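Engineer: What follows is target29.txt, compact mmCIF, C-alpha atoms.
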```
# COMPACT_ATOMS: atom_id res chain seq x y z
CA MET A 87 83.25 38.69 9.04
CA GLN A 88 83.20 36.31 6.06
CA PRO A 89 80.03 34.32 5.41
CA PHE A 90 80.23 30.68 6.36
CA THR A 91 80.94 28.33 3.43
CA PRO A 92 80.37 24.66 4.17
CA PRO A 93 83.04 22.16 3.20
CA LYS A 94 82.72 20.57 -0.22
CA SER A 95 81.55 17.32 1.32
CA SER A 96 78.79 19.18 3.20
CA THR A 97 77.79 21.06 0.06
CA ALA A 98 77.51 17.81 -1.85
CA MET A 99 75.37 16.36 0.92
CA MET A 100 73.05 19.39 0.85
CA TYR A 101 72.56 18.95 -2.91
CA ARG A 102 71.72 15.30 -2.40
CA ILE A 103 69.15 16.17 0.27
CA ALA A 104 67.66 18.89 -1.91
CA PHE A 105 67.41 16.42 -4.81
CA LEU A 106 65.67 13.85 -2.63
CA LEU A 107 63.23 16.45 -1.28
CA LEU A 108 62.43 17.51 -4.84
CA TRP A 109 61.46 13.98 -5.78
CA LEU A 110 59.87 12.98 -2.48
CA PRO A 111 56.25 13.69 -3.58
CA VAL A 112 56.74 11.32 -6.50
CA PHE A 113 57.84 8.43 -4.30
CA ALA A 114 55.48 9.16 -1.38
CA PRO A 115 52.49 6.83 -1.25
CA ALA A 116 49.45 8.38 -2.89
CA GLN A 117 46.36 8.92 -0.75
CA ASN A 118 43.09 7.64 -2.12
CA LYS A 119 41.30 10.66 -3.53
CA ASN A 120 37.54 11.07 -3.53
CA LEU A 121 36.58 11.20 -7.21
CA VAL A 122 33.12 12.67 -6.57
CA LEU A 123 32.89 16.36 -7.40
CA ASN A 124 31.02 18.44 -4.81
CA PRO A 125 30.50 15.36 -2.60
CA GLY A 126 28.79 17.25 0.23
CA PHE A 127 26.55 19.39 -2.04
CA GLU A 128 28.06 22.56 -0.59
CA GLU A 129 28.97 24.23 -3.90
CA LEU A 130 26.35 26.05 -5.96
CA LYS A 131 26.53 26.69 -9.71
CA GLY A 132 27.27 30.38 -9.38
CA PRO A 133 28.05 33.04 -6.78
CA HIS A 134 24.57 34.52 -7.13
CA GLN A 135 22.72 31.23 -6.66
CA SER A 136 20.98 30.55 -3.36
CA VAL A 137 18.80 27.89 -1.74
CA THR A 138 15.86 28.79 0.50
CA PRO A 139 16.69 27.33 3.92
CA CYS A 140 14.84 24.21 5.09
CA ARG A 141 12.48 24.02 2.10
CA PHE A 142 11.55 21.25 -0.32
CA MET A 143 12.13 21.95 -4.00
CA LYS A 144 8.94 22.20 -6.02
CA TYR A 145 10.36 21.69 -9.53
CA GLY A 146 13.13 19.52 -10.96
CA LYS A 147 14.67 22.53 -12.64
CA ASP A 148 15.21 24.11 -9.21
CA PHE A 149 17.70 21.39 -8.30
CA ASN A 150 19.43 21.52 -11.67
CA ASN A 151 19.75 25.30 -11.53
CA VAL A 152 21.67 25.41 -8.25
CA ALA A 153 23.47 22.10 -7.53
CA LYS A 154 27.00 22.22 -8.96
CA ASN A 155 28.10 18.97 -10.66
CA TRP A 156 24.75 17.29 -9.85
CA THR A 157 21.66 16.90 -12.07
CA SER A 158 18.29 15.15 -12.26
CA VAL A 159 15.61 14.64 -14.90
CA SER A 160 13.19 17.51 -15.21
CA ASP A 161 10.03 15.86 -13.90
CA ARG A 162 11.59 14.55 -10.67
CA THR A 163 12.14 16.87 -7.73
CA PRO A 164 15.08 15.88 -5.51
CA ASP A 165 15.65 18.41 -2.77
CA LEU A 166 18.87 20.35 -2.20
CA ILE A 167 18.49 21.20 1.47
CA HIS A 168 20.17 24.19 3.04
CA TYR A 169 20.10 23.80 6.82
CA ASP A 170 19.77 27.12 8.63
CA THR A 171 17.96 27.76 11.93
CA THR A 172 18.70 31.49 12.23
CA ALA A 173 15.19 32.35 11.05
CA GLY A 174 13.47 29.67 13.15
CA PRO A 175 13.25 25.88 13.60
CA CYS A 176 14.02 23.58 10.67
CA ILE A 177 12.01 20.43 9.95
CA TYR A 178 15.12 18.79 8.52
CA PRO A 179 17.88 17.18 10.61
CA PRO A 180 21.28 18.92 10.81
CA PRO A 181 23.67 17.86 7.99
CA HIS A 182 26.27 15.18 8.48
CA SER A 183 28.79 17.91 7.61
CA GLY A 184 28.69 21.42 6.19
CA ASN A 185 25.38 23.17 5.57
CA ARG A 186 23.75 21.24 2.71
CA TYR A 187 22.67 17.78 1.60
CA VAL A 188 20.15 16.11 -0.71
CA GLY A 189 16.74 14.57 0.01
CA LEU A 190 15.43 11.73 -2.23
CA ILE A 191 12.22 9.70 -2.46
CA THR A 192 13.26 6.08 -3.05
CA PHE A 193 9.90 4.36 -2.43
CA LEU A 194 6.43 5.68 -3.31
CA PRO A 195 4.19 3.08 -4.99
CA ARG A 196 2.19 4.16 -8.01
CA GLN A 197 -1.09 2.94 -6.47
CA ASP A 198 -0.47 5.29 -3.54
CA CYS A 199 0.56 8.44 -5.39
CA GLY A 200 -1.58 8.15 -8.53
CA TYR A 201 1.32 8.07 -11.02
CA THR A 202 1.52 5.50 -13.82
CA ASP A 203 4.89 4.37 -12.40
CA ASP A 204 6.39 4.12 -8.94
CA TYR A 205 7.72 7.55 -8.05
CA HIS A 206 11.47 7.45 -7.43
CA GLU A 207 13.90 10.37 -7.46
CA PHE A 208 17.43 10.11 -8.86
CA ILE A 209 20.46 12.35 -8.88
CA GLU A 210 23.46 12.11 -11.16
CA GLY A 211 26.93 13.01 -9.93
CA LYS A 212 30.12 13.69 -11.85
CA LEU A 213 33.58 12.25 -11.24
CA ALA A 214 36.85 14.16 -11.38
CA GLN A 215 38.22 11.54 -13.78
CA PRO A 216 36.88 8.42 -15.53
CA LEU A 217 36.94 5.13 -13.67
CA VAL A 218 39.61 2.63 -14.68
CA PRO A 219 38.09 -0.59 -16.09
CA GLY A 220 39.04 -3.53 -13.88
CA MET A 221 39.90 -1.28 -10.91
CA ARG A 222 38.10 -1.91 -7.63
CA TYR A 223 36.44 1.08 -5.93
CA LYS A 224 34.94 1.76 -2.54
CA VAL A 225 31.70 3.77 -2.44
CA SER A 226 30.25 5.36 0.67
CA PHE A 227 27.62 7.91 1.62
CA TRP A 228 25.73 8.95 4.74
CA ILE A 229 21.96 8.61 5.08
CA ASN A 230 19.35 9.89 7.51
CA GLN A 231 15.80 8.52 7.44
CA SER A 232 13.29 10.69 9.31
CA ASP A 233 9.58 9.89 9.66
CA SER A 234 8.68 13.51 10.40
CA VAL A 235 10.42 14.77 7.26
CA SER A 236 8.66 12.10 5.15
CA LYS A 237 5.27 13.23 6.42
CA ALA A 238 6.01 16.91 5.91
CA HIS A 239 7.24 16.28 2.36
CA LEU A 240 4.09 14.55 1.09
CA ARG A 241 1.75 16.91 2.91
CA SER A 242 3.51 19.85 1.27
CA VAL A 243 2.49 18.32 -2.09
CA TYR A 244 -0.85 16.62 -1.42
CA GLY A 245 -2.20 18.67 1.48
CA ASP A 246 -3.01 17.88 5.09
CA LYS A 247 -5.75 15.32 4.34
CA VAL A 248 -3.35 12.76 2.95
CA VAL A 249 -2.40 10.06 5.50
CA VAL A 250 1.34 9.36 5.35
CA TYR A 251 3.06 6.17 6.52
CA PRO A 252 6.84 6.65 6.46
CA VAL A 253 8.90 3.54 5.75
CA ALA A 254 12.54 2.55 5.54
CA ALA A 255 13.58 0.69 2.38
CA ASN A 256 16.43 -1.16 0.71
CA ASN A 257 17.71 -1.07 -2.87
CA ILE A 258 19.42 2.33 -2.72
CA GLY A 259 22.11 1.87 -5.35
CA ILE A 260 24.69 3.52 -7.57
CA ALA A 261 24.65 2.93 -11.33
CA LEU A 262 27.51 4.02 -13.57
CA GLN A 263 27.15 6.13 -16.72
CA SER A 264 29.60 6.91 -19.52
CA ALA A 265 27.54 9.90 -20.72
CA PRO A 266 25.58 12.54 -18.78
CA LEU A 267 21.83 12.55 -18.46
CA ASN A 268 19.58 14.43 -20.82
CA VAL A 269 18.26 16.70 -18.07
CA SER A 270 15.50 18.11 -20.26
CA ALA A 271 13.95 14.64 -20.70
CA GLY A 272 11.29 13.36 -18.36
CA PHE A 273 11.47 10.16 -16.36
CA SER A 274 9.00 8.49 -18.71
CA GLU A 275 11.50 8.99 -21.54
CA GLN A 276 14.29 7.35 -19.51
CA LYS A 277 12.36 4.50 -17.87
CA GLU A 278 15.19 2.14 -18.71
CA TRP A 279 16.73 3.34 -15.44
CA ILE A 280 14.36 1.12 -13.56
CA ASN A 281 16.00 -1.83 -15.33
CA MET A 282 19.60 -0.67 -14.90
CA GLU A 283 21.82 -3.01 -12.93
CA PRO A 284 23.52 -0.93 -10.22
CA ALA A 285 27.22 -1.36 -9.57
CA PHE A 286 26.42 -1.23 -5.87
CA GLU A 287 23.07 -1.72 -4.13
CA THR A 288 21.92 -2.07 -0.52
CA LYS A 289 20.13 -5.31 0.20
CA THR A 290 19.29 -4.56 3.83
CA VAL A 291 16.54 -2.09 4.75
CA LEU A 292 18.24 1.17 5.73
CA ARG A 293 16.80 2.58 8.91
CA ALA A 294 18.81 5.30 10.63
CA ASN A 295 18.59 4.58 14.35
CA ASN A 296 17.02 7.47 16.29
CA GLU A 297 17.03 9.49 13.07
CA GLN A 298 20.82 9.82 13.22
CA TRP A 299 23.21 9.81 10.27
CA ARG A 300 24.44 6.37 9.28
CA GLN A 301 27.20 5.46 6.84
CA VAL A 302 26.50 3.14 3.90
CA GLN A 303 29.49 1.65 2.12
CA GLY A 304 30.39 -1.08 -0.33
CA TRP A 305 32.66 -2.02 -3.21
CA PHE A 306 32.41 -2.49 -6.97
CA THR A 307 34.72 -3.19 -9.89
CA ALA A 308 34.52 -0.78 -12.83
CA THR A 309 33.69 -2.39 -16.16
CA GLU A 310 34.14 0.74 -18.29
CA ALA A 311 35.59 4.25 -18.11
CA SER A 312 32.49 5.82 -16.55
CA LYS A 313 32.60 9.47 -15.55
CA TYR A 314 29.05 9.80 -14.19
CA PHE A 315 26.98 7.89 -11.66
CA ILE A 316 23.34 7.89 -10.57
CA ILE A 317 22.03 7.43 -7.02
CA GLY A 318 18.53 6.06 -6.45
CA ASN A 319 16.34 2.97 -6.27
CA PHE A 320 16.55 1.11 -9.59
CA ARG A 321 14.02 -1.59 -8.62
CA ASN A 322 10.28 -1.24 -8.73
CA ASP A 323 8.49 -1.04 -5.41
CA VAL A 324 7.20 -4.61 -5.61
CA GLN A 325 10.87 -5.71 -5.50
CA THR A 326 11.74 -3.30 -2.68
CA SER A 327 11.63 -4.42 0.96
CA ILE A 328 10.28 -1.96 3.51
CA GLU A 329 9.94 -1.64 7.28
CA SER A 330 7.77 0.77 9.22
CA ARG A 331 7.02 1.74 12.79
CA TYR A 332 3.38 1.34 11.78
CA ASP A 333 1.57 -1.97 11.27
CA LEU A 334 0.99 -1.69 7.53
CA SER A 335 -0.85 -5.03 7.42
CA LYS A 336 -3.79 -3.47 9.26
CA LEU A 337 -4.29 -0.49 6.98
CA PRO A 338 -7.93 -0.18 5.89
CA PRO A 339 -8.70 -0.46 2.16
CA LEU A 340 -9.04 2.71 0.13
CA SER A 341 -12.49 4.22 0.07
CA ALA A 342 -14.19 4.82 -3.28
CA GLU A 343 -13.70 8.56 -2.79
CA ALA A 344 -10.00 8.16 -1.98
CA LYS A 345 -9.49 6.04 -5.09
CA LYS A 346 -10.84 8.91 -7.16
CA ASN A 347 -9.12 11.68 -5.18
CA VAL A 348 -5.37 11.23 -4.72
CA PHE A 349 -5.34 14.03 -2.16
CA GLN A 350 -7.24 11.84 0.32
CA ARG A 351 -5.19 8.69 -0.03
CA MET A 352 -2.92 6.82 2.36
CA MET A 353 0.66 6.88 1.12
CA ARG A 354 3.79 4.93 1.99
CA ILE A 355 7.03 6.79 1.39
CA ALA A 356 10.75 6.22 1.93
CA TYR A 357 12.54 9.57 2.00
CA TYR A 358 16.29 9.66 2.61
CA CYS A 359 18.62 12.54 3.32
CA ILE A 360 22.02 11.85 1.68
CA ASP A 361 25.34 13.58 2.40
CA ASP A 362 29.09 13.19 1.82
CA VAL A 363 29.17 10.85 -1.17
CA SER A 364 32.54 9.21 -1.83
CA ILE A 365 34.03 6.96 -4.52
CA VAL A 366 37.73 6.13 -4.08
CA GLU A 367 40.13 3.64 -5.61
CA ASP A 368 40.65 0.47 -3.61
CA PRO A 369 43.48 -1.16 -5.59
CA ASN A 370 44.11 -3.91 -3.06
CA GLY A 371 40.46 -4.91 -3.05
CA SER A 372 38.48 -5.56 0.09
CA ALA A 373 40.40 -7.89 2.37
CA VAL A 374 37.17 -8.56 4.24
CA GLN A 375 35.27 -9.52 1.09
CA GLU A 376 38.03 -11.73 -0.26
CA ALA A 377 38.50 -13.60 3.04
CA MET A 378 34.78 -14.08 3.69
CA GLU A 379 34.13 -15.36 0.19
CA ARG A 380 37.25 -17.53 0.01
CA GLU A 381 37.50 -18.89 3.57
CA GLY A 382 34.23 -17.99 5.28
CA LYS A 383 36.24 -16.34 8.03
CA TYR A 384 37.93 -13.01 8.62
CA THR A 385 40.41 -12.16 11.36
CA PHE A 386 40.35 -8.44 12.06
CA GLN A 387 43.68 -6.69 11.73
CA GLY A 388 42.66 -3.21 12.81
CA VAL A 389 40.00 -3.88 15.46
CA LEU A 390 41.80 -2.52 18.49
CA PHE A 391 41.15 -2.42 22.22
CA ALA A 392 43.07 -0.82 25.05
CA THR A 393 44.77 -3.31 27.38
CA GLY A 394 42.15 -5.05 29.48
CA SER A 395 39.33 -3.09 27.80
CA HIS A 396 36.45 -4.10 25.54
CA GLN A 397 35.76 -0.57 24.22
CA LEU A 398 36.32 -0.31 20.47
CA ALA A 399 39.00 2.15 19.39
CA GLU A 400 38.18 4.72 16.68
CA ALA A 401 40.71 3.06 14.36
CA SER A 402 38.54 -0.09 14.36
CA LEU A 403 35.55 1.43 12.60
CA GLU A 404 36.88 1.32 9.02
CA GLU A 405 37.38 -2.44 9.10
CA LEU A 406 34.12 -3.04 10.94
CA GLY A 407 32.33 -0.92 8.36
CA ALA A 408 33.73 -3.13 5.61
CA LEU A 409 32.35 -6.23 7.35
CA ALA A 410 28.96 -4.54 7.86
CA ALA A 411 28.89 -3.69 4.14
CA TRP A 412 29.69 -7.30 3.19
CA LEU A 413 27.02 -8.69 5.50
CA THR A 414 24.54 -6.15 4.13
CA GLU A 415 25.20 -7.39 0.61
CA HIS A 416 24.80 -11.04 1.68
CA PRO A 417 21.59 -11.06 3.76
CA GLU A 418 21.37 -14.84 3.60
CA LYS A 419 24.64 -15.30 5.56
CA GLN A 420 24.82 -15.92 9.31
CA ALA A 421 27.98 -15.43 11.34
CA GLU A 422 29.55 -15.75 14.77
CA ILE A 423 31.79 -13.05 16.23
CA ALA A 424 34.51 -14.90 18.15
CA GLY A 425 36.80 -13.28 20.70
CA HIS A 426 40.21 -14.71 21.71
CA THR A 427 42.98 -13.75 24.13
CA ASP A 428 46.55 -14.73 24.93
CA ASN A 429 47.42 -16.80 28.05
CA VAL A 430 48.17 -13.87 30.36
CA GLY A 431 45.68 -13.96 33.25
CA SER A 432 43.22 -16.51 34.58
CA ASP A 433 41.02 -18.69 32.41
CA GLU A 434 37.83 -16.98 33.57
CA SER A 435 39.09 -13.42 33.22
CA ASN A 436 40.28 -14.17 29.68
CA ARG A 437 36.98 -15.80 28.77
CA LEU A 438 35.02 -12.81 30.04
CA LEU A 439 37.30 -10.28 28.32
CA SER A 440 37.13 -12.13 24.99
CA GLU A 441 33.34 -12.38 25.27
CA ARG A 442 32.98 -8.65 25.99
CA ARG A 443 35.17 -7.77 23.02
CA ALA A 444 33.18 -10.07 20.74
CA ARG A 445 29.98 -8.50 22.04
CA SER A 446 31.31 -4.99 21.29
CA VAL A 447 31.79 -5.98 17.65
CA PHE A 448 28.40 -7.74 17.61
CA GLU A 449 26.64 -4.60 18.93
CA TYR A 450 28.42 -2.32 16.47
CA LEU A 451 27.28 -4.46 13.53
CA ILE A 452 23.68 -4.30 14.78
CA GLN A 453 23.98 -0.52 14.99
CA GLN A 454 24.99 -0.60 11.32
CA GLY A 455 21.69 -2.29 10.44
CA ILE A 456 22.65 -5.99 10.49
CA ASP A 457 19.78 -8.12 11.81
CA ALA A 458 20.66 -9.48 15.27
CA GLU A 459 19.11 -12.83 14.33
CA ARG A 460 21.89 -13.33 11.78
CA LEU A 461 24.66 -12.85 14.34
CA SER A 462 25.93 -14.44 17.53
CA TYR A 463 29.01 -13.86 19.67
CA LYS A 464 31.18 -15.97 21.94
CA GLY A 465 34.38 -15.56 23.95
CA TYR A 466 36.86 -18.40 23.73
CA GLY A 467 39.49 -16.86 25.99
CA LYS A 468 42.88 -18.49 25.57
CA THR A 469 41.61 -21.91 24.45
CA ARG A 470 42.22 -21.46 20.69
CA PRO A 471 45.68 -19.95 20.12
CA VAL A 472 46.95 -19.51 16.57
CA ALA A 473 50.58 -18.84 17.61
CA THR A 474 52.90 -19.49 20.53
CA ASN A 475 52.31 -17.56 23.73
CA ALA A 476 56.04 -17.69 24.48
CA SER A 477 56.72 -14.46 22.53
CA GLU A 478 55.10 -11.03 22.44
CA GLU A 479 54.44 -11.38 18.70
CA GLY A 480 52.70 -14.71 19.27
CA ARG A 481 50.60 -13.30 22.09
CA ARG A 482 49.64 -10.35 19.87
CA GLN A 483 48.36 -12.76 17.19
CA ASN A 484 46.35 -14.67 19.78
CA ARG A 485 44.60 -11.50 20.97
CA ARG A 486 42.11 -11.29 18.12
CA VAL A 487 38.48 -11.05 17.06
CA GLU A 488 37.14 -13.08 14.14
CA CYS A 489 33.98 -13.24 12.08
CA VAL A 490 33.17 -16.85 11.14
CA LEU A 491 30.32 -17.88 8.86
CA LYS A 492 28.02 -20.56 10.28
```
Show me, as structure tokens, the structure contained in the file I just sent.
Structural biologist:
Amino acid sequence: MQPFTPPKSSTAMMYRIAFLLLWLPVFAPAQNKNLVLNPGFEELKGPHQSVTPCRFMKYGKDFNNVAKNWTSVSDRTPDLIHYDTTAGPCIYPPPHSGNRYVGLITFLPRQDCGYTDDYHEFIEGKLAQPLVPGMRYKVSFWINQSDSVSKAHLRSVYGDKVVVYPVAANNIGIALQSAPLNVSAGFSEQKEWINMEPAFETKTVLRANNEQWRQVQGWFTATEASKYFIIGNFRNDVQTSIESRYDLSKLPPLSAEAKKNVFQRMMRIAYYCIDDVSIVEDPNGSAVQEAMEREGKYTFQGVLFATGSHQLAEASLEELGALAAWLTEHPEKQAEIAGHTDNVGSDESNRLLSERRARSVFEYLIQQGIDAERLSYKGYGKTRPVATNASEEGRRQNRRVECVLK
């Protein structure tokens, strides 16, 4: 039996298909790549390096010796946490992903801790390639703020007599660097950090509800070809807003003995666990930011609900996160979440459905840390169409949720 030979026309077609397949990756749309190296802190500097499970790091060099593509100055002690409960309970929360993450002090006033400066910890990350000047980037990371971890951290340093008041704080930011840190230098030699202007900074106090992981995200435009970035609080503690489950206004004044002995003081501390850091290109910019700043209104394109339902679909969270980030960066703004429907159904059922959908968005934004006093919600039903209800496309446009500045 002779092997099958396709006709010449078929052979030519096969070559054309093969040629197109060869070039397909070039023409396929590129996915935004996370530029942060070792974003989840899982990789160590060498195969023989290890991290003691569920322990704070006593010296700055400990972090620098083990964390691949991450560094800190020598006299600050960020913690690379390895979560492992095989040997017993762990005081730290489980990671957002993987087995490791970082713990940072972002608020500890000098009058509390006895230092000459506010004690803040910083970590520097490395990018896979330099940023492109003029390009817009999206930054995100996950945080977990735990009162019990804050207490355990300071007591491990100052002893059990110190009284610890955990707080949540704002001003966690990312500053860009063109050159790496001098890791052998101390913080006092690089105090200009405290005056650096971060490319991105949280204005709202970051409290993780029920000590759960919470995503922080925002946008910035690169001004130079930076290949390094620093995470931390670049403001002094007088400029940092805090919230606490304790009534800090009723704290008694320091005794004469406590003023002399730092190990008997009362200390306020913001300690954040940080995981899964991401910086990606956002060449089209933030549609949410542009619309809110230009028009004072944004109509969601990807906030989806099942027919007749007010439950948010998973696909909605990216766009809602962008709005939460914008509102976080503009704490002075107040907004209404407005729900709208098409004309299918009764007036009352449409009003109720649009109100429930608006409330779902409202509640999600509050979960992301937006103050409820800045937001309101209302369902307008079918009373404010933006297109004809005579076609399916028009009805689709009328079924919408908007954020409108007051």
Engineer: Determine, counting all atoms listed in the file, which protein, DNA and RNA residues have an atom within 6 Å of an atom of stretch 480-490 of chain A; residues of the same chain fewer than 6 positions away are not included. Present the result as a ChimeraX atom specification.
Structural biologist: /A:383-386,421-428,471-474
Engineer: Contacts of A:Leu240 at 9 Å or less, counting all atoms listed in the file, minus same-chain residues fewer than 5 places along, as a list in words?
Structural biologist: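 The neighbour list is Val235, Gly245, Asp246, Val248, Val250, Met353 and Ile355 of chain A.
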Engineer: Using all atoms listed in the file, pick whichever of A:Pro417, A:Ile316, A:Gln231, A:Pro219 has the shortest atom-to-atom distance to A:Val363.
Structural biologist: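 Looking at the shortest contact to A:Val363, the residue is A:Ile316.
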Engineer: Figure out the distance between atom CA of A:Glu459 and atom CA of A:Glu441, please, to one decimal in Å.
Structural biologist: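 Separation of atom CA of A:Glu441 and atom CA of A:Glu459: 18.0 Å.
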Engineer: Give the answer as one residue: which of A:Ala265, A:Glu376, A:Phe448, A:Ser236 has the shortest atom-to-atom distance to A:Glu310, using only C-alpha atoms?
Structural biologist: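 With only C-alpha atoms as the atom set, the closest residue is A:Ala265.
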Engineer: Residues at most 8 Å from A:Val389, counting only C-alpha atoms, excluding those fewer than 6 positions away in the same chain, as a tab-separated table (two decimals) with C-alpha atoms, in the coordinates of the input?
Structural biologist:
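Generated file (out.tsv):
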```tsv
chain	number	residue	atom	x	y	z
A	398	LEU	CA	36.32	-0.31	20.47
A	399	ALA	CA	39.00	2.15	19.39
A	401	ALA	CA	40.71	3.06	14.36
A	402	SER	CA	38.54	-0.09	14.36
A	403	LEU	CA	35.55	1.43	12.60
A	405	GLU	CA	37.38	-2.44	9.10
A	406	LEU	CA	34.12	-3.04	10.94
A	487	VAL	CA	38.48	-11.05	17.06
```
Engineer: Pick from A:Ile229, A:Ile167, A:Leu451, A:Ile258: nearest to A:Glu128, with all atoms listed in the file counted?
Structural biologist: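 With all atoms listed in the file as the atom set, the closest residue is A:Ile167.
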Engineer: Using all atoms listed in the file, which residues sit within 7 Å of stretch 203-218 of chain A once same-chain residues fewer than 3 positions away are excluded, as a PyMOL selection string?
Structural biologist: chain A and resi 121-123+155-158+162-164+190-196+221+308+310-319+322-323
Engineer: I need the residue nearest A:Thr138 from this list: A:Gly259, A:Lys419, A:Leu166, A:Asn118. Use only C-alpha atoms for the distance.
Structural biologist: A:Leu166
Engineer: Check the smallest atom-to-atom distance from each of A:Val253, A:Met282, A:Ala458, A:Leu409 to A:Tyr357 using all atoms listed in the file, then report the winner.
Structural biologist: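 Closest residue, counting all atoms listed in the file: A:Val253.
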Engineer: Skipping near chain neighbours, those fewer than 4 positions away, what residues fall within 12 Å of A:Glu404 using all atoms listed in the file, listed as a ChimeraX atom specification?
Structural biologist: /A:224,226,301-304,372-374,386-390,398-400,408-411,450
